[in-house]
Structure formats: C-alpha cells, structure tokens
Amino acid sequence: MASTKSLIFVTGNANKLREVKQILSKGGNPIEIDSKSLDIPEVQGTTKEVAYAKCKRAAELVGGPCITEDTALCYVALKGLPGPYVKDFMAAIGHEGLNAMLVGFDTKAAEAVCTFAYSAGPGTEPIIFEGRTEGTIVPARGPKVFGWDAIFEPNGTGLTYAEMPSEQKNKISHRGKALEKLRAYLQSLPQ
Ligand SMILES: O=c1[nH]c(=O)c2ncn([C@@H]3O[C@H](COP(=O)(O)OP(=O)(O)OP(=O)(O)O)[C@@H](O)[C@H]3O)c2[nH]1
Ligand SMILES: [Mg+2]
C-alpha cells in the first residue's frame with residue numbers, strides 16, 4: 001500500500017493551496033498537505049532567492065519542516081520582468097495593464113515559473129524545485145478566478161490556463177512540473 005506523508009505548506013494564497021492539494025493527493029504515493037496562512041515578507045531578487053528566503057523564514061515560524069512556493073511571470077520582451085514581482089503588477093494594473101505592457105514589442109512570449117522550496121526545519125538550507133511552462137500573453141479569456149490565468153496561453157494548447165479544466169492545467173503547468181520534482185525528492189527521503 002502507498003505510504004502517506006503530511007507536510008505543511010505555508011502560503012497566503014488559497015488558489016495555490018487548492019492546486020497543490022489536487023496535484024499531491026494524486027499518484028501512487030499521495031502526500032497530504034496541511035496549510036498555514038502566514039504573510040511572509042518577500043525579498044527582492046531572482047525567483048530562487050525569493051523562494052529560498054521565504055522558506056527559511058517559514059520554517060522558523062512553523063518550527064519544523066515545511067514547503068513554500070513563489071510564482072513568477074517572466075516576459076521574454078522584458079528580459080524576465082515582471083517575474084517574482086507580478087503580484088504587485090497584477091494588483092496595480094490588472095489583466096489589461098499586463099497586456100498593455102507588451103504593446104510595441106514583437107514578442108508576447110512569456111514563461112510561468114514556479115519555485116517550491118522545502119526546509120527540513122529551522123536553520124536548515126531550503127532545497128529548491130523549479131517548474132517552467134512557456135506561453136503567450138493574450139487578452140483575458142476564461143474565468144478570472146486565479147491571478148493572471150486568464151491572460152496566459154501555454155504554447156500548443158489554444159487555451160488560456162483559465163479556460164482549461166484543472167486537470168489539464170495541472171498536467172502542463174509550472175506548478176505541476178515543480179511538484180513532480182518535489183514529490184520525487186520527498187519519496188527519496190528515509191521514512
Ligand atoms: O494566474 C495565475 N496562475 C497561477 O498558477 C498562479 N500562481 C501564482 N499566481 C499569482 O502570481 C502572484 C505570485 O506571487 P506569490 O508567489 O508571492 O504568491 P502569493 O503572495 O499570492 O502567495 P504566497 O507567497 O503566500 O504563497 C500572485 O499574484 C498569485 O496570485 C498565479 N496566477
Ligand atoms: Mg507572496
């Protein structure tokens with residue numbers, strides 16, 4: 001029988017939590033997720049630096065093992081920006097503004113980047129797991145439930161993330177890819 005592990009995911013984002021639970025509860029060795037909603041200040045830096053610092057602080061606050069996640073939306077024309085700062089851009093200028101930023105550029109290509117970090121507990125070095133999905137920024141299509149899902153069309157799908165059933169998004173998404181790496185790592189740990 002498959003063994004079940006439980007892990008604390010520290011996040012303030014209910015949509016992330018829903019997807020992480022969906023993805024990790026499936027498969028031969030399901031991982032059970034408990035969550036803690038803590039608002040952890042985020043440093044400026046690369047996606048990996050942001051994820052690493054978030055997880056280090058989360059482990060101190062939780063007092064034990066935990067995972068955190070940082071998501072970035074990286075425009076090719078803008079050499080990776082807004083990247084890990086997309087949350088503030090989304091809040092300030094919304095879907096229309098995120099499209100308008102690319103007016104005058106030849107390429108609307110973008111990459112969704114998800115960076116999970118796992119800490120074995122306070123004082124330990126977080127380990128990073130990254131997933132990337134390439135796509136195009138388009139005018140919003142589909143339900144506007146989760147962040148910039150409605151304006152991101154993964155290559156070769158003809159659909160935005162928002163137009164896809166969750167199983168389809170999870171199969172190809174930046175988050176799904178990062179979580180498969182995290183799952184493999186957790187399964188390699190001694191019980
Ligand atoms: O359309 C989307 N599809 C996704 O798959 C997705 N994943 C994250 N986001 C949004 O991108 C920003 C990341 O910022 P972020 O990583 O700091 O998240 P957060 O502050 O909401 O939560 P957390 O840091 O407490 O975990 C936030 O605005 C998130 O809502 C997504 N939007
Ligand atoms: Mg955040």
# chains A, B, ... in the order shown; residues from 1 in each chain; ligands from 1
call {"tool": "closest_atom_pairs", "arguments": {"of": "chain A", "to": "ligand 1", "cutoff": "6 Å", "atoms": "only C-alpha atoms and all ligand atoms", "output": "JSON lines"}}
result
{"residue": "A:Thr11", "atom": "CA", "partner": "ligand 1", "partner_atom_place_in_ligand_line": "25 (O)", "distance": 3.6}
{"residue": "A:Gly12", "atom": "CA", "partner": "ligand 1", "partner_atom_place_in_ligand_line": "25 (O)", "distance": 3.7}
{"residue": "A:Asn13", "atom": "CA", "partner": "ligand 1", "partner_atom_place_in_ligand_line": "22 (O)", "distance": 4.4}
{"residue": "A:Glu69", "atom": "CA", "partner": "ligand 1", "partner_atom_place_in_ligand_line": "26 (O)", "distance": 5.3}
{"residue": "A:Asp70", "atom": "CA", "partner": "ligand 1", "partner_atom_place_in_ligand_line": "16 (O)", "distance": 3.6}
{"residue": "A:Thr71", "atom": "CA", "partner": "ligand 1", "partner_atom_place_in_ligand_line": "16 (O)", "distance": 3.9}
{"residue": "A:Ala72", "atom": "CA", "partner": "ligand 1", "partner_atom_place_in_ligand_line": "13 (C)", "distance": 5.9}
{"residue": "A:Val86", "atom": "CA", "partner": "ligand 1", "partner_atom_place_in_ligand_line": "12 (C)", "distance": 5.5}
{"residue": "A:Lys87", "atom": "CA", "partner": "ligand 1", "partner_atom_place_in_ligand_line": "28 (O)", "distance": 3.5}
{"residue": "A:Phe146", "atom": "CA", "partner": "ligand 1", "partner_atom_place_in_ligand_line": "1 (O)", "distance": 4.7}
{"residue": "A:Gly147", "atom": "CA", "partner": "ligand 1", "partner_atom_place_in_ligand_line": "32 (N)", "distance": 3.6}
{"residue": "A:Trp148", "atom": "CA", "partner": "ligand 1", "partner_atom_place_in_ligand_line": "1 (O)", "distance": 3.3}
{"residue": "A:Asp149", "atom": "CA", "partner": "ligand 1", "partner_atom_place_in_ligand_line": "1 (O)", "distance": 3.1}
call {"tool": "residues_around", "arguments": {"residues": "range 161-173 of chain A", "least_positions_apart": "3", "cutoff": "7 Å", "atoms": "only C-alpha atoms", "output": "mmCIF file with N, CA and C atoms, in the first residue's frame"}}
result
data_model
loop_
_atom_site.group_PDB
_atom_site.id
_atom_site.type_symbol
_atom_site.label_atom_id
_atom_site.label_comp_id
_atom_site.auth_asym_id
_atom_site.auth_seq_id
_atom_site.Cartn_x
_atom_site.Cartn_y
_atom_site.Cartn_z
ATOM 1 N N ILE A 23 -2.814 18.225 -6.863
ATOM 2 C CA ILE A 23 -1.705 17.535 -7.534
ATOM 3 C C ILE A 23 -1.064 16.497 -6.606
ATOM 4 N N THR A 133 6.720 26.724 -17.609
ATOM 5 C CA THR A 133 5.836 26.487 -18.757
ATOM 6 C C THR A 133 5.879 27.717 -19.653
ATOM 7 N N ARG A 141 -9.189 35.668 -21.386
ATOM 8 C CA ARG A 141 -10.239 34.712 -21.789
ATOM 9 C C ARG A 141 -10.430 33.710 -20.660
ATOM 10 N N GLY A 142 -11.705 33.457 -20.325
ATOM 11 C CA GLY A 142 -11.999 32.471 -19.291
ATOM 12 C C GLY A 142 -12.228 33.136 -17.942
ATOM 13 N N PRO A 143 -12.645 32.324 -16.948
ATOM 14 C CA PRO A 143 -12.963 32.857 -15.620
ATOM 15 C C PRO A 143 -11.765 33.562 -14.986
ATOM 16 N N ASP A 149 -4.173 33.770 -14.746
ATOM 17 C CA ASP A 149 -4.549 32.577 -15.517
ATOM 18 C C ASP A 149 -5.250 32.923 -16.833
ATOM 19 N N ALA A 150 -6.084 33.991 -16.806
ATOM 20 C CA ALA A 150 -6.904 34.313 -17.984
ATOM 21 C C ALA A 150 -6.104 34.938 -19.127
ATOM 22 N N PHE A 152 -2.734 33.981 -19.781
ATOM 23 C CA PHE A 152 -1.568 33.150 -20.109
ATOM 24 C C PHE A 152 -2.015 31.926 -20.895
ATOM 25 N N GLU A 153 -1.565 31.863 -22.165
ATOM 26 C CA GLU A 153 -1.907 30.737 -23.044
ATOM 27 C C GLU A 153 -0.669 29.868 -23.255
ATOM 28 N N GLY A 176 2.588 22.113 -11.595
ATOM 29 C CA GLY A 176 2.580 20.652 -11.713
ATOM 30 C C GLY A 176 3.993 20.111 -11.911
ATOM 31 N N LYS A 177 4.784 20.789 -12.768
ATOM 32 C CA LYS A 177 6.147 20.315 -13.054
ATOM 33 C C LYS A 177 7.043 20.432 -11.825
#
call {"tool": "closest_residue", "arguments": {"among": "A:Val62, A:Leu73, A:Ile40, A:Ile127", "to": "ligand 2", "atoms": "only C-alpha atoms and all ligand atoms"}}
result
A:Ile40
call {"tool": "closest_residue", "arguments": {"among": "A:Ser6, A:Gln44, A:Leu78, A:Ala120", "to": "Asn29 in chain A", "atoms": "only C-alpha atoms"}}
result
A:Ser6
call {"tool": "closest_residue", "arguments": {"among": "A:Ser188, A:Thr68, A:Thr136, A:Thr107", "to": "ligand 2", "atoms": "only C-alpha atoms and all ligand atoms"}}
result
A:Thr68
call {"tool": "select_by_dssp", "arguments": {"residues": "range 3-115 of chain A", "states": "helix (DSSP H, G or I)", "output": "PyMOL selection string"}}
result
chain A and resi 14-24+47-62+86-100
call {"tool": "write_last_selection", "arguments": {"atoms": "N, CA and C atoms", "output": "tab-separated table (two decimals), in the first residue's frame"}}
result
chain	number	residue	atom	x	y	z
A	14	ALA	N	-5.07	30.97	-1.47
A	14	ALA	CA	-6.00	29.83	-1.46
A	14	ALA	C	-6.01	29.08	-2.79
A	15	ASN	N	-5.79	29.78	-3.89
A	15	ASN	CA	-5.79	29.11	-5.20
A	15	ASN	C	-4.58	28.20	-5.36
A	16	LYS	N	-3.42	28.68	-4.90
A	16	LYS	CA	-2.22	27.82	-4.92
A	16	LYS	C	-2.47	26.57	-4.09
A	17	LEU	N	-3.01	26.78	-2.90
A	17	LEU	CA	-3.24	25.67	-1.98
A	17	LEU	C	-4.15	24.61	-2.61
A	18	ARG	N	-5.21	25.08	-3.28
A	18	ARG	CA	-6.14	24.15	-3.93
A	18	ARG	C	-5.40	23.31	-4.97
A	19	GLU	N	-4.59	23.95	-5.81
A	19	GLU	CA	-3.88	23.20	-6.86
A	19	GLU	C	-2.86	22.25	-6.27
A	20	VAL	N	-2.14	22.70	-5.25
A	20	VAL	CA	-1.11	21.85	-4.64
A	20	VAL	C	-1.75	20.61	-4.04
A	21	LYS	N	-2.89	20.80	-3.37
A	21	LYS	CA	-3.58	19.64	-2.79
A	21	LYS	C	-4.05	18.69	-3.88
A	22	GLN	N	-4.63	19.27	-4.97
A	22	GLN	CA	-5.10	18.43	-6.08
A	22	GLN	C	-3.95	17.58	-6.63
A	23	ILE	N	-2.81	18.23	-6.86
A	23	ILE	CA	-1.71	17.53	-7.53
A	23	ILE	C	-1.06	16.50	-6.61
A	24	LEU	N	-0.81	16.87	-5.36
A	24	LEU	CA	-0.07	15.97	-4.47
A	24	LEU	C	-0.95	14.84	-3.90
A	47	THR	N	14.02	34.53	-8.79
A	47	THR	CA	12.93	33.67	-8.30
A	47	THR	C	13.47	32.71	-7.24
A	48	LYS	N	14.68	32.18	-7.45
A	48	LYS	CA	15.25	31.23	-6.50
A	48	LYS	C	15.57	31.91	-5.17
A	49	GLU	N	16.12	33.13	-5.24
A	49	GLU	CA	16.44	33.85	-3.99
A	49	GLU	C	15.18	34.17	-3.19
A	50	VAL	N	14.13	34.57	-3.90
A	50	VAL	CA	12.86	34.89	-3.23
A	50	VAL	C	12.31	33.63	-2.56
A	51	ALA	N	12.30	32.52	-3.28
A	51	ALA	CA	11.74	31.27	-2.74
A	51	ALA	C	12.56	30.77	-1.56
A	52	TYR	N	13.87	30.86	-1.67
A	52	TYR	CA	14.77	30.38	-0.61
A	52	TYR	C	14.54	31.16	0.69
A	53	ALA	N	14.49	32.48	0.59
A	53	ALA	CA	14.33	33.32	1.80
A	53	ALA	C	12.95	33.12	2.41
A	54	LYS	N	11.93	32.96	1.55
A	54	LYS	CA	10.56	32.76	2.05
A	54	LYS	C	10.51	31.46	2.87
A	55	CYS	N	11.14	30.42	2.37
A	55	CYS	CA	11.07	29.12	3.04
A	55	CYS	C	11.87	29.11	4.34
A	56	LYS	N	13.03	29.76	4.32
A	56	LYS	CA	13.86	29.83	5.53
A	56	LYS	C	13.06	30.48	6.67
A	57	ARG	N	12.40	31.57	6.34
A	57	ARG	CA	11.61	32.29	7.35
A	57	ARG	C	10.39	31.47	7.78
A	58	ALA	N	9.76	30.81	6.83
A	58	ALA	CA	8.57	30.00	7.14
A	58	ALA	C	8.93	28.88	8.12
A	59	ALA	N	10.07	28.23	7.90
A	59	ALA	CA	10.48	27.13	8.79
A	59	ALA	C	10.70	27.64	10.21
A	60	GLU	N	11.24	28.85	10.33
A	60	GLU	CA	11.42	29.44	11.67
A	60	GLU	C	10.07	29.67	12.34
A	61	LEU	N	9.12	30.18	11.57
A	61	LEU	CA	7.80	30.49	12.14
A	61	LEU	C	7.01	29.22	12.47
A	62	VAL	N	7.14	28.22	11.61
A	62	VAL	CA	6.43	26.95	11.82
A	62	VAL	C	7.12	26.12	12.91
A	86	VAL	N	5.21	39.97	-10.07
A	86	VAL	CA	3.95	40.01	-10.83
A	86	VAL	C	2.74	40.25	-9.93
A	87	LYS	N	2.82	39.84	-8.66
A	87	LYS	CA	1.67	40.05	-7.77
A	87	LYS	C	1.32	41.54	-7.66
A	88	ASP	N	2.34	42.37	-7.49
A	88	ASP	CA	2.11	43.82	-7.37
A	88	ASP	C	1.63	44.41	-8.70
A	89	PHE	N	2.18	43.91	-9.80
A	89	PHE	CA	1.74	44.38	-11.12
A	89	PHE	C	0.27	44.03	-11.33
A	90	MET	N	-0.08	42.81	-11.00
A	90	MET	CA	-1.47	42.33	-11.17
A	90	MET	C	-2.41	43.19	-10.33
A	91	ALA	N	-2.01	43.49	-9.10
A	91	ALA	CA	-2.88	44.28	-8.21
A	91	ALA	C	-3.01	45.71	-8.73
A	92	ALA	N	-1.94	46.24	-9.30
A	92	ALA	CA	-1.96	47.65	-9.71
A	92	ALA	C	-2.57	47.88	-11.08
A	93	ILE	N	-2.28	46.99	-12.05
A	93	ILE	CA	-2.70	47.30	-13.43
A	93	ILE	C	-3.58	46.22	-14.07
A	94	GLY	N	-3.73	45.07	-13.40
A	94	GLY	CA	-4.68	44.04	-13.85
A	94	GLY	C	-4.32	43.42	-15.20
A	95	HIS	N	-5.28	42.64	-15.71
A	95	HIS	CA	-5.05	41.92	-16.97
A	95	HIS	C	-4.78	42.87	-18.13
A	96	GLU	N	-5.53	43.97	-18.18
A	96	GLU	CA	-5.36	44.90	-19.32
A	96	GLU	C	-3.98	45.53	-19.29
A	97	GLY	N	-3.55	45.92	-18.10
A	97	GLY	CA	-2.23	46.54	-17.96
A	97	GLY	C	-1.12	45.55	-18.28
A	98	LEU	N	-1.31	44.30	-17.88
A	98	LEU	CA	-0.28	43.29	-18.15
A	98	LEU	C	-0.17	43.01	-19.65
A	99	ASN	N	-1.27	43.19	-20.40
A	99	ASN	CA	-1.22	43.13	-21.86
A	99	ASN	C	-0.60	44.39	-22.44
A	100	ALA	N	-1.02	45.54	-21.91
A	100	ALA	CA	-0.57	46.83	-22.45
A	100	ALA	C	0.95	46.99	-22.33
call {"tool": "closest_residue", "arguments": {"among": "A:Ala140, A:Ile31, A:Leu7, A:Val43", "to": "ligand 2", "atoms": "only C-alpha atoms and all ligand atoms"}}
result
A:Val43
call {"tool": "atom_distance", "arguments": {"atom1": "CA of Glu130 in chain A", "atom2": "CA of Cys74 in chain A"}}
result
13.9 Å
